[in-house]
file work_25.pdb (PDB, C-alpha atoms)
ATOM      1  CA  MET A   1     197.055  79.495 -92.965
ATOM      2  CA  LEU A   2     200.453  79.088 -94.637
ATOM      3  CA  LYS A   3     202.137  75.705 -94.205
ATOM      4  CA  ILE A   4     205.795  75.042 -95.033
ATOM      5  CA  GLY A   5     206.752  71.479 -94.251
ATOM      6  CA  ASN A   6     205.658  70.977 -90.648
ATOM      7  CA  ILE A   7     205.574  74.725 -89.931
ATOM      8  CA  GLU A   8     202.153  76.389 -89.833
ATOM      9  CA  ILE A   9     201.871  80.185 -89.985
ATOM     10  CA  LYS A  10     198.530  81.832 -89.233
ATOM     11  CA  ASN A  11     199.735  85.250 -90.350
ATOM     12  CA  ARG A  12     200.636  84.821 -94.024
ATOM     13  CA  SER A  13     203.419  87.424 -93.827
ATOM     14  CA  VAL A  14     207.070  86.380 -93.514
ATOM     15  CA  LEU A  15     210.000  88.563 -92.451
ATOM     16  CA  ALA A  16     212.699  88.473 -95.137
ATOM     17  CA  PRO A  17     216.397  87.745 -94.605
ATOM     18  CA  LEU A  18     217.539  91.358 -94.913
ATOM     19  CA  ALA A  19     221.269  91.766 -95.478
ATOM     20  CA  GLY A  20     222.857  93.700 -92.636
ATOM     21  CA  ILE A  21     219.454  94.102 -90.946
ATOM     22  CA  SER A  22     217.900  90.804 -89.815
ATOM     23  CA  ASP A  23     219.747  90.411 -86.530
ATOM     24  CA  LEU A  24     218.189  89.094 -83.324
ATOM     25  CA  PRO A  25     216.981  92.510 -82.022
ATOM     26  CA  PHE A  26     215.251  93.307 -85.328
ATOM     27  CA  ARG A  27     213.591  89.905 -85.495
ATOM     28  CA  MET A  28     212.329  90.077 -81.913
ATOM     29  CA  ILE A  29     210.841  93.566 -82.382
ATOM     30  CA  ASN A  30     208.860  92.317 -85.374
ATOM     31  CA  ARG A  31     207.809  89.156 -83.554
ATOM     32  CA  ARG A  32     206.257  91.330 -80.824
ATOM     33  CA  TYR A  33     203.901  92.634 -83.497
ATOM     34  CA  GLY A  34     202.806  89.342 -84.964
ATOM     35  CA  CYS A  35     205.643  88.211 -87.212
ATOM     36  CA  GLU A  36     205.617  84.435 -86.874
ATOM     37  CA  LEU A  37     208.275  83.267 -89.340
ATOM     38  CA  ALA A  38     211.504  85.251 -89.610
ATOM     39  CA  PHE A  39     214.800  84.588 -91.340
ATOM     40  CA  ILE A  40     218.388  85.175 -90.332
ATOM     41  CA  GLU A  41     220.109  87.228 -93.015
ATOM     42  CA  MET A  42     221.635  85.394 -95.965
ATOM     43  CA  ILE A  43     224.953  83.705 -95.145
ATOM     44  CA  SER A  44     227.385  82.180 -97.624
ATOM     45  CA  VAL A  45     228.211  78.521 -97.089
ATOM     46  CA  HIS A  46     231.875  79.552 -97.177
ATOM     47  CA  ALA A  47     231.273  81.932 -94.251
ATOM     48  CA  LEU A  48     229.507  79.149 -92.365
ATOM     49  CA  ASN A  49     232.442  76.836 -92.940
ATOM     50  CA  TYR A  50     234.960  79.490 -91.890
ATOM     51  CA  ARG A  51     232.939  80.226 -88.701
ATOM     52  CA  SER A  52     234.216  83.748 -88.070
ATOM     53  CA  LYS A  53     233.068  85.689 -85.001
ATOM     54  CA  LYS A  54     230.884  87.867 -87.229
ATOM     55  CA  THR A  55     229.130  84.834 -88.730
ATOM     56  CA  LEU A  56     228.598  83.211 -85.341
ATOM     57  CA  LYS A  57     227.077  86.465 -84.041
ATOM     58  CA  MET A  58     224.640  86.495 -86.941
ATOM     59  CA  LEU A  59     223.475  83.009 -85.968
ATOM     60  CA  VAL A  60     222.606  83.869 -82.350
ATOM     61  CA  THR A  61     219.002  83.220 -81.411
ATOM     62  CA  GLN A  62     216.946  82.929 -78.222
ATOM     63  CA  HIS A  63     213.709  81.603 -76.787
ATOM     64  CA  GLY A  64     210.772  83.017 -78.696
ATOM     65  CA  ASP A  65     212.723  83.463 -81.912
ATOM     66  CA  ARG A  66     210.767  80.676 -83.590
ATOM     67  CA  PRO A  67     209.940  79.489 -86.134
ATOM     68  CA  LEU A  68     213.252  80.587 -87.596
ATOM     69  CA  GLY A  69     214.694  80.187 -91.075
ATOM     70  CA  LEU A  70     218.244  80.465 -92.354
ATOM     71  CA  GLN A  71     219.023  81.452 -95.938
ATOM     72  CA  ILE A  72     222.270  80.160 -97.423
ATOM     73  CA  LEU A  73     224.181  81.068-100.573
ATOM     74  CA  GLY A  74     226.461  78.826-102.635
ATOM     75  CA  ARG A  75     226.619  76.256-105.426
ATOM     76  CA  GLU A  76     229.521  73.875-104.720
ATOM     77  CA  TYR A  77     228.322  70.533-103.372
ATOM     78  CA  ASP A  78     231.264  69.967-101.019
ATOM     79  CA  SER A  79     230.949  73.392 -99.409
ATOM     80  CA  ILE A  80     227.188  73.003 -99.041
ATOM     81  CA  LEU A  81     227.493  69.599 -97.355
ATOM     82  CA  ARG A  82     230.132  70.925 -94.951
ATOM     83  CA  ALA A  83     227.906  73.874 -94.118
ATOM     84  CA  LEU A  84     224.979  71.572 -93.355
ATOM     85  CA  GLU A  85     227.046  69.987 -90.598
ATOM     86  CA  SER A  86     227.293  73.418 -88.953
ATOM     87  CA  ILE A  87     223.642  74.279 -89.537
ATOM     88  CA  GLU A  88     221.946  71.214 -88.088
ATOM     89  CA  PRO A  89     222.937  71.882 -84.433
ATOM     90  CA  LEU A  90     221.522  75.422 -84.624
ATOM     91  CA  GLY A  91     217.957  74.204 -84.292
ATOM     92  CA  ILE A  92     216.562  76.279 -87.145
ATOM     93  CA  ASP A  93     213.172  75.324 -88.561
ATOM     94  CA  ILE A  94     213.569  76.055 -92.293
ATOM     95  CA  LEU A  95     216.591  76.045 -94.595
ATOM     96  CA  ASP A  96     216.239  78.435 -97.531
ATOM     97  CA  PHE A  97     218.552  78.437-100.550
ATOM     98  CA  ASN A  98     219.168  81.740-102.318
ATOM     99  CA  SER A  99     219.043  81.852-106.092
ATOM    100  CA  ALA A 100     217.791  85.441-106.209
ATOM    101  CA  CYS A 101     220.567  87.722-104.933
ATOM    102  CA  PRO A 102     221.354  90.214-107.764
ATOM    103  CA  VAL A 103     224.642  91.550-106.356
ATOM    104  CA  LYS A 104     227.369  91.530-109.033
ATOM    105  CA  LYS A 105     230.079  89.871-106.949
ATOM    106  CA  VAL A 106     227.643  87.066-106.104
ATOM    107  CA  ALA A 107     226.468  86.589-109.701
ATOM    108  CA  ARG A 108     230.069  86.529-110.965
ATOM    109  CA  ARG A 109     230.633  83.430-108.827
ATOM    110  CA  GLY A 110     227.641  81.753-110.466
ATOM    111  CA  GLU A 111     225.665  82.042-107.230
ATOM    112  CA  GLY A 112     222.447  83.789-106.276
ATOM    113  CA  ALA A 113     220.398  84.977-109.255
ATOM    114  CA  ALA A 114     223.006  83.610-111.690
ATOM    115  CA  LEU A 115     221.508  80.183-111.013
ATOM    116  CA  MET A 116     218.328  81.339-112.768
ATOM    117  CA  LYS A 117     220.399  80.910-115.959
ATOM    118  CA  GLU A 118     221.256  77.332-114.967
ATOM    119  CA  PRO A 119     218.023  75.617-113.886
ATOM    120  CA  GLU A 120     219.610  72.166-114.079
ATOM    121  CA  VAL A 121     222.430  73.174-111.740
ATOM    122  CA  LEU A 122     219.963  74.738-109.309
ATOM    123  CA  GLU A 123     217.816  71.603-109.388
ATOM    124  CA  GLY A 124     220.867  69.522-108.517
ATOM    125  CA  VAL A 125     221.756  71.745-105.569
ATOM    126  CA  LEU A 126     218.204  71.633-104.240
ATOM    127  CA  THR A 127     218.071  67.849-104.608
ATOM    128  CA  LEU A 128     221.268  67.631-102.568
ATOM    129  CA  LEU A 129     219.902  69.909 -99.842
ATOM    130  CA  VAL A 130     216.590  68.047 -99.587
ATOM    131  CA  LYS A 131     218.422  64.737 -99.318
ATOM    132  CA  HIS A 132     220.781  65.828 -96.549
ATOM    133  CA  SER A 133     218.854  68.448 -94.573
ATOM    134  CA  LEU A 134     216.833  67.381 -91.550
ATOM    135  CA  LYS A 135     214.652  70.477 -91.924
ATOM    136  CA  PRO A 136     212.276  71.579 -94.700
ATOM    137  CA  VAL A 137     214.149  73.155 -97.622
ATOM    138  CA  THR A 138     212.810  76.176 -99.493
ATOM    139  CA  VAL A 139     214.253  78.249-102.332
ATOM    140  CA  LYS A 140     214.247  81.955-103.186
ATOM    141  CA  ILE A 141     214.087  82.723-106.915
ATOM    142  CA  ARG A 142     213.448  85.689-109.212
ATOM    143  CA  ALA A 143     211.216  86.176-112.235
ATOM    144  CA  GLY A 144     214.246  85.372-114.373
ATOM    145  CA  TRP A 145     217.675  86.683-115.299
ATOM    146  CA  ASP A 146     216.406  89.405-117.634
ATOM    147  CA  ALA A 147     213.306  90.361-119.605
ATOM    148  CA  ASN A 148     214.205  87.842-122.340
ATOM    149  CA  THR A 149     214.572  84.905-119.954
ATOM    150  CA  ILE A 150     211.523  84.905-117.694
ATOM    151  CA  ASN A 151     211.667  81.316-116.435
ATOM    152  CA  ALA A 152     210.257  81.384-112.906
ATOM    153  CA  ALA A 153     207.633  78.759-113.743
ATOM    154  CA  GLU A 154     210.218  76.331-115.112
ATOM    155  CA  VAL A 155     212.523  76.868-112.138
ATOM    156  CA  ALA A 156     209.577  76.423-109.774
ATOM    157  CA  ARG A 157     208.670  73.076-111.366
ATOM    158  CA  ARG A 158     212.254  71.882-111.062
ATOM    159  CA  ALA A 159     212.371  73.004-107.430
ATOM    160  CA  GLU A 160     209.203  71.098-106.639
ATOM    161  CA  GLY A 161     210.636  68.053-108.397
ATOM    162  CA  ALA A 162     213.730  68.335-106.216
ATOM    163  CA  GLY A 163     211.522  68.119-103.138
ATOM    164  CA  VAL A 164     211.502  71.649-101.746
ATOM    165  CA  ALA A 165     208.684  72.520 -99.350
ATOM    166  CA  ALA A 166     207.948  76.029-100.660
ATOM    167  CA  ILE A 167     209.142  78.665-103.107
ATOM    168  CA  PHE A 168     209.845  82.312-102.388
ATOM    169  CA  ILE A 169     209.788  84.453-105.523
ATOM    170  CA  HIS A 170     210.736  88.075-106.125
ATOM    171  CA  GLY A 171     208.776  89.490-109.038
ATOM    172  CA  ARG A 172     211.728  91.262-110.669
ATOM    173  CA  THR A 173     214.498  89.976-112.891
ATOM    174  CA  ARG A 174     218.137  90.034-111.873
ATOM    175  CA  THR A 175     218.892  92.867-114.309
ATOM    176  CA  GLN A 176     216.146  94.946-112.700
ATOM    177  CA  GLY A 177     217.691  94.537-109.272
ATOM    178  CA  TYR A 178     215.258  96.494-107.101
ATOM    179  CA  SER A 179     214.365  99.128-109.693
ATOM    180  CA  GLY A 180     211.134  99.472-111.599
ATOM    181  CA  THR A 181     207.983  97.716-110.489
ATOM    182  CA  VAL A 182     207.277  94.144-109.527
ATOM    183  CA  SER A 183     205.641  91.985-112.196
ATOM    184  CA  TYR A 184     202.789  89.779-111.019
ATOM    185  CA  ASP A 185     202.727  87.536-114.102
ATOM    186  CA  PRO A 186     205.840  85.419-113.327
ATOM    187  CA  ILE A 187     204.611  84.908-109.764
ATOM    188  CA  ARG A 188     201.169  83.812-110.926
ATOM    189  CA  GLU A 189     202.701  81.498-113.536
ATOM    190  CA  ALA A 190     204.984  79.931-110.934
ATOM    191  CA  LYS A 191     202.036  79.442-108.578
ATOM    192  CA  GLU A 192     200.016  77.767-111.327
ATOM    193  CA  ALA A 193     202.961  75.504-112.195
ATOM    194  CA  VAL A 194     203.347  73.878-108.770
ATOM    195  CA  SER A 195     201.305  72.481-105.911
ATOM    196  CA  ILE A 196     203.611  73.600-103.085
ATOM    197  CA  PRO A 197     203.240  77.021-101.397
ATOM    198  CA  VAL A 198     204.499  80.074-103.282
ATOM    199  CA  ILE A 199     205.352  83.148-101.221
ATOM    200  CA  ALA A 200     205.727  86.413-103.127
ATOM    201  CA  SER A 201     208.268  89.170-102.554
ATOM    202  CA  GLY A 202     208.734  92.713-103.803
ATOM    203  CA  ASP A 203     207.200  96.095-102.956
ATOM    204  CA  MET A 204     205.260  94.887 -99.917
ATOM    205  CA  PHE A 205     205.069  98.324 -98.333
ATOM    206  CA  SER A 206     201.478  98.173 -97.088
ATOM    207  CA  ALA A 207     198.624  95.861 -96.200
ATOM    208  CA  GLU A 208     196.865  96.901 -99.400
ATOM    209  CA  ALA A 209     199.904  95.929-101.491
ATOM    210  CA  SER A 210     199.966  92.507 -99.847
ATOM    211  CA  ARG A 211     196.280  91.913-100.570
ATOM    212  CA  LYS A 212     196.720  93.039-104.187
ATOM    213  CA  MET A 213     199.664  90.652-104.601
ATOM    214  CA  MET A 214     197.655  87.730-103.230
ATOM    215  CA  ASP A 215     194.561  88.546-105.278
ATOM    216  CA  GLU A 216     196.421  88.951-108.578
ATOM    217  CA  THR A 217     198.875  86.050-108.273
ATOM    218  CA  GLY A 218     197.111  83.517-106.058
ATOM    219  CA  CYS A 219     200.241  83.306-103.901
ATOM    220  CA  ASP A 220     200.002  81.694-100.484
ATOM    221  CA  GLY A 221     201.812  84.421 -98.560
ATOM    222  CA  VAL A 222     204.004  87.490 -98.871
ATOM    223  CA  VAL A 223     207.486  88.484 -97.750
ATOM    224  CA  MET A 224     208.003  91.703 -95.812
ATOM    225  CA  ALA A 225     211.377  93.227 -96.620
ATOM    226  CA  ARG A 226     211.938  96.987 -96.940
ATOM    227  CA  GLY A 227     208.316  97.506 -95.877
ATOM    228  CA  ALA A 228     209.219  96.284 -92.390
ATOM    229  CA  LEU A 229     212.105  98.713 -91.855
ATOM    230  CA  GLY A 230     211.087 100.856 -88.906
ATOM    231  CA  ASN A 231     207.577  99.500 -89.365
ATOM    232  CA  PRO A 232     206.771  96.340 -87.359
ATOM    233  CA  TRP A 233     203.133  97.444 -87.532
ATOM    234  CA  ILE A 234     202.963  96.143 -91.093
ATOM    235  CA  PHE A 235     202.378  92.645 -89.704
ATOM    236  CA  PRO A 236     199.221  93.338 -87.644
ATOM    237  CA  GLU A 237     197.960  95.782 -90.272
ATOM    238  CA  THR A 238     198.247  93.138 -92.997
ATOM    239  CA  ALA A 239     196.643  90.454 -90.843
ATOM    240  CA  GLU A 240     193.724  92.749 -89.990
ATOM    241  CA  TYR A 241     193.234  93.871 -93.589
ATOM    242  CA  LEU A 242     193.234  90.312 -94.894
ATOM    243  CA  ARG A 243     190.683  89.350 -92.255
ATOM    244  CA  THR A 244     188.322  92.340 -92.311
ATOM    245  CA  GLY A 245     189.219  94.518 -95.289
ATOM    246  CA  LYS A 246     190.015  97.377 -92.912
ATOM    247  CA  VAL A 247     193.454  98.782 -92.059
ATOM    248  CA  PRO A 248     193.950  99.730 -88.385
ATOM    249  CA  PRO A 249     194.967 103.317 -87.563
ATOM    250  CA  ARG A 250     198.673 104.063 -87.805
ATOM    251  CA  PRO A 251     200.566 104.019 -84.492
ATOM    252  CA  SER A 252     200.699 107.133 -82.351
ATOM    253  CA  ILE A 253     203.922 109.005 -81.670
ATOM    254  CA  ASP A 254     203.926 107.444 -78.201
ATOM    255  CA  GLU A 255     203.843 103.922 -79.636
ATOM    256  CA  ILE A 256     206.492 104.715 -82.244
ATOM    257  CA  THR A 257     208.914 106.107 -79.669
ATOM    258  CA  GLU A 258     208.165 103.299 -77.223
ATOM    259  CA  VAL A 259     209.183 100.739 -79.835
ATOM    260  CA  MET A 260     212.263 102.800 -80.724
ATOM    261  CA  HIS A 261     213.368 102.774 -77.083
ATOM    262  CA  LEU A 262     212.781  99.023 -76.875
ATOM    263  CA  HIS A 263     214.684  98.360 -80.108
ATOM    264  CA  LEU A 264     217.591 100.504 -78.928
ATOM    265  CA  LYS A 265     217.715  98.607 -75.624
ATOM    266  CA  GLU A 266     217.673  95.273 -77.463
ATOM    267  CA  CYS A 267     220.602  96.471 -79.594
ATOM    268  CA  VAL A 268     222.569  97.612 -76.526
ATOM    269  CA  ASP A 269     222.007  94.279 -74.787
ATOM    270  CA  PHE A 270     223.098  92.392 -77.890
ATOM    271  CA  TYR A 271     226.003  94.491 -79.191
ATOM    272  CA  GLY A 272     227.136  96.730 -76.349
ATOM    273  CA  ASP A 273     227.086 100.536 -76.154
ATOM    274  CA  TYR A 274     229.248 101.669 -79.055
ATOM    275  CA  GLN A 275     228.278  99.210 -81.784
ATOM    276  CA  SER A 276     224.592  99.314 -80.880
ATOM    277  CA  VAL A 277     224.324 103.045 -81.579
ATOM    278  CA  LYS A 278     226.097 102.690 -84.924
ATOM    279  CA  ILE A 279     223.603  99.990 -85.887
ATOM    280  CA  PHE A 280     220.554 101.868 -84.583
ATOM    281  CA  ARG A 281     221.287 105.095 -86.509
ATOM    282  CA  LYS A 282     219.693 103.762 -89.693
ATOM    283  CA  PHE A 283     216.689 102.536 -87.727
ATOM    284  CA  PHE A 284     216.156 106.031 -86.327
ATOM    285  CA  ILE A 285     215.827 107.212 -89.935
ATOM    286  CA  TRP A 286     213.394 104.438 -90.821
ATOM    287  CA  TYR A 287     211.201 104.797 -87.718
ATOM    288  CA  THR A 288     210.809 108.519 -88.376
ATOM    289  CA  LYS A 289     209.966 108.195 -92.070
ATOM    290  CA  GLY A 290     207.006 110.393 -92.953
ATOM    291  CA  LEU A 291     207.196 112.551 -89.823
ATOM    292  CA  LYS A 292     207.534 116.285 -90.350
ATOM    293  CA  ASN A 293     210.247 118.517 -88.916
ATOM    294  CA  VAL A 294     212.418 115.538 -88.039
ATOM    295  CA  LYS A 295     215.443 116.429 -90.162
ATOM    296  CA  PRO A 296     217.409 118.131 -87.307
ATOM    297  CA  LEU A 297     216.889 115.093 -85.087
ATOM    298  CA  ARG A 298     218.011 112.764 -87.847
ATOM    299  CA  MET A 299     221.169 114.784 -88.407
ATOM    300  CA  ARG A 300     221.998 114.513 -84.714
ATOM    301  CA  ALA A 301     221.091 110.817 -84.664
ATOM    302  CA  VAL A 302     223.612 109.890 -87.360
ATOM    303  CA  ARG A 303     226.318 111.620 -85.293
ATOM    304  CA  SER A 304     225.306 110.209 -81.918
ATOM    305  CA  GLY A 305     227.795 107.962 -80.166
ATOM    306  CA  MET A 306     226.248 106.659 -76.931
ATOM    307  CA  PRO A 307     222.918 104.998 -76.094
ATOM    308  CA  GLU A 308     221.956 107.778 -73.662
ATOM    309  CA  GLU A 309     222.344 110.345 -76.426
ATOM    310  CA  MET A 310     220.211 108.312 -78.844
ATOM    311  CA  ALA A 311     217.569 107.720 -76.165
ATOM    312  CA  GLY A 312     217.421 111.479 -75.578
ATOM    313  CA  LEU A 313     216.749 112.068 -79.255
ATOM    314  CA  ILE A 314     213.888 109.577 -79.137
ATOM    315  CA  ASP A 315     212.428 111.478 -76.172
ATOM    316  CA  GLU A 316     212.728 114.735 -78.112
ATOM    317  CA  LEU A 317     210.860 113.119 -80.979
ATOM    318  CA  ARG A 318     207.963 112.344 -78.640
ATOM    319  CA  GLU A 319     207.996 115.863 -77.194
ATOM    320  CA  HIS A 320     207.757 117.386 -80.653
ATOM    321  CA  ASN A 321     204.407 115.609 -81.008
ATOM    322  CA  LEU A 322     204.698 114.843 -84.696
ATOM    323  CA  GLU A 323     201.829 112.366 -84.723
ATOM    324  CA  GLY A 324     199.868 112.151 -87.939
ATOM    325  CA  GLU A 325     201.983 114.615 -89.895
ATOM    326  CA  GLU A 326     203.209 112.986 -93.074
ATOM    327  CA  GLU A 327     205.250 114.132 -96.025
ATOM    328  CA  PRO A 328     206.559 112.275 -99.080
ATOM    329  CA  PRO A 329     210.067 110.839 -98.542
ATOM    330  CA  LYS A 330     212.653 113.056-100.232
ATOM    331  CA  THR A 331     215.315 110.402-100.686
ATOM    332  CA  ARG A 332     215.520 106.734-101.535
ATOM    333  CA  LEU A 333     216.547 104.217 -98.942
ATOM    334  CA  PRO A 334     220.331 104.288 -98.540
ATOM    335  CA  PHE A 335     220.768 100.737 -99.738
ATOM    336  CA  HIS A 336     218.756  97.725-100.832
ATOM    337  CA  THR A 337     218.338  94.881 -98.406
ATOM    338  CA  ASP A 338     215.710  92.394 -99.556
ATOM    339  CA  VAL A 339     217.991  89.757-101.054
TER     340      VAL A 339
END
call {"tool": "encode", "arguments": {"input": "work_25.pdb", "output": "structure tokens"}}
result
Amino acid sequence: MLKIGNIEIKNRSVLAPLAGISDLPFRMINRRYGCELAFIEMISVHALNYRSKKTLKMLVTQHGDRPLGLQILGREYDSILRALESIEPLGIDILDFNSACPVKKVARRGEGAALMKEPEVLEGVLTLLVKHSLKPVTVKIRAGWDANTINAAEVARRAEGAGVAAIFIHGRTRTQGYSGTVSYDPIREAKEAVSIPVIASGDMFSAEASRKMMDETGCDGVVMARGALGNPWIFPETAEYLRTGKVPPRPSIDEITEVMHLHLKECVDFYGDYQSVKIFRKFFIWYTKGLKNVKPLRMRAVRSGMPEEMAGLIDELREHNLEGEEEPPKTRLPFHTDV
């Protein structure tokens, strides 16, 4: 059991706020497979205050999309307080503050992972949020800014002192970005430094990786980010492995294509015909990762323009009966999302 404030999560896996990914259709697909706590993608407090159509669309939720967290980005007290006025009516369950985003344009503003260099400033922001938020406040941090400034434990202690309910920590430094491997030491040190829950992030691509992270760091839960792309089955697989030590069989081609059809329909209902297909193209790539002889279908998928065309490609995938045929991925993911 993972408890954050008044929120209790039986499955100790959390769906990350994935930039450009964590919309309502994506969250609901993962919730069907056991994801209990999910986050809306990171939103700047300035975007919340501006209230553009794009930002408002990102904030749309529905019945069953609970418990739900929102991750915000900023550092200026006035902007944060104004944003809180917009957030409270949304009915979210957890407010997460990002001090982990490694993107250069974010760091140049002194936001995101740049706050790892200013623990006192971060502590002040978190104190402000805890004081004024009606919901539990959490924080996302990194191991440190670079290899010479690993300070996750210090930042974690300050966050606990500010009153946050839990800490999410990515086991890489800002200079690493998403390259190299995750370090368990800073996560374990942060966990040992505080009494509140610590949820670990980074390279959670399998149930075995999640168990290894928990065993070696003592963390209370894990964050599913890139490991959940086209793979909602990671949630039940992790839950089963933590409970029994056995990983369930991978889904059949019928189950994969059934979920693809459902996800496409959810996108169409949410975005409309044209935009939904543009959004779903990348998911077609992710859902078919590891399947052999899928390259021609992928090439057609990235050029498809209407839902009927994309649905036909999903049907062709089923007909090709690619179940159980795996090959190593030949390319990296097109962009990084677990901010």
call {"tool": "closest_atom_pairs", "arguments": {"input": "work_25.pdb", "of": "segment 51-147 of chain A", "to": "segment 31-34 of chain A", "cutoff": "12 Å", "atoms": "all atoms listed in the file", "output": "JSON lines"}}
result
{"residue": "A:His63", "atom": "CA", "partner": "A:Arg31", "partner_atom": "CA", "distance": 11.7}
{"residue": "A:Gly64", "atom": "CA", "partner": "A:Arg31", "partner_atom": "CA", "distance": 8.4}
{"residue": "A:Asp65", "atom": "CA", "partner": "A:Arg31", "partner_atom": "CA", "distance": 7.7}
{"residue": "A:Arg66", "atom": "CA", "partner": "A:Arg31", "partner_atom": "CA", "distance": 9.0}
{"residue": "A:Pro67", "atom": "CA", "partner": "A:Arg31", "partner_atom": "CA", "distance": 10.2}
{"residue": "A:Leu68", "atom": "CA", "partner": "A:Arg31", "partner_atom": "CA", "distance": 10.9}
call {"tool": "residues_around", "arguments": {"input": "work_25.pdb", "residues": "Ser99 of chain A", "least_positions_apart": "6", "cutoff": "9 Å", "atoms": "only C-alpha atoms", "output": "PyMOL selection string"}}
result
chain A and resi 73-74+111-116+122+139-142
call {"tool": "resolve_selection", "arguments": {"input": "work_25.pdb", "expression": "the PyMOL selection byres ((chain A and resi 231) around 10)", "output": "ChimeraX atom specification"}}
result
/A:29-30,33,205-206,226-230,232-235,251,256,259,283,286-289
call {"tool": "residues_around", "arguments": {"input": "work_25.pdb", "residues": "Ala147 of chain A", "least_positions_apart": "6", "cutoff": "10 Å", "atoms": "only C-alpha atoms", "output": "ChimeraX atom specification"}}
result
/A:172-176
call {"tool": "residues_near_point", "arguments": {"input": "work_25.pdb", "point": "(214.8, 89.5, -83.6)", "cutoff": "9 Å", "atoms": "only C-alpha atoms", "output": "number ranges by chain"}}
result
A: 22-31, 38, 40, 61-62, 65, 266
call {"tool": "atom_distance", "arguments": {"input": "work_25.pdb", "atom1": "atom CA of Ala207 of chain A", "atom2": "atom CA of Val247 of chain A"}}
result
7.2 Å
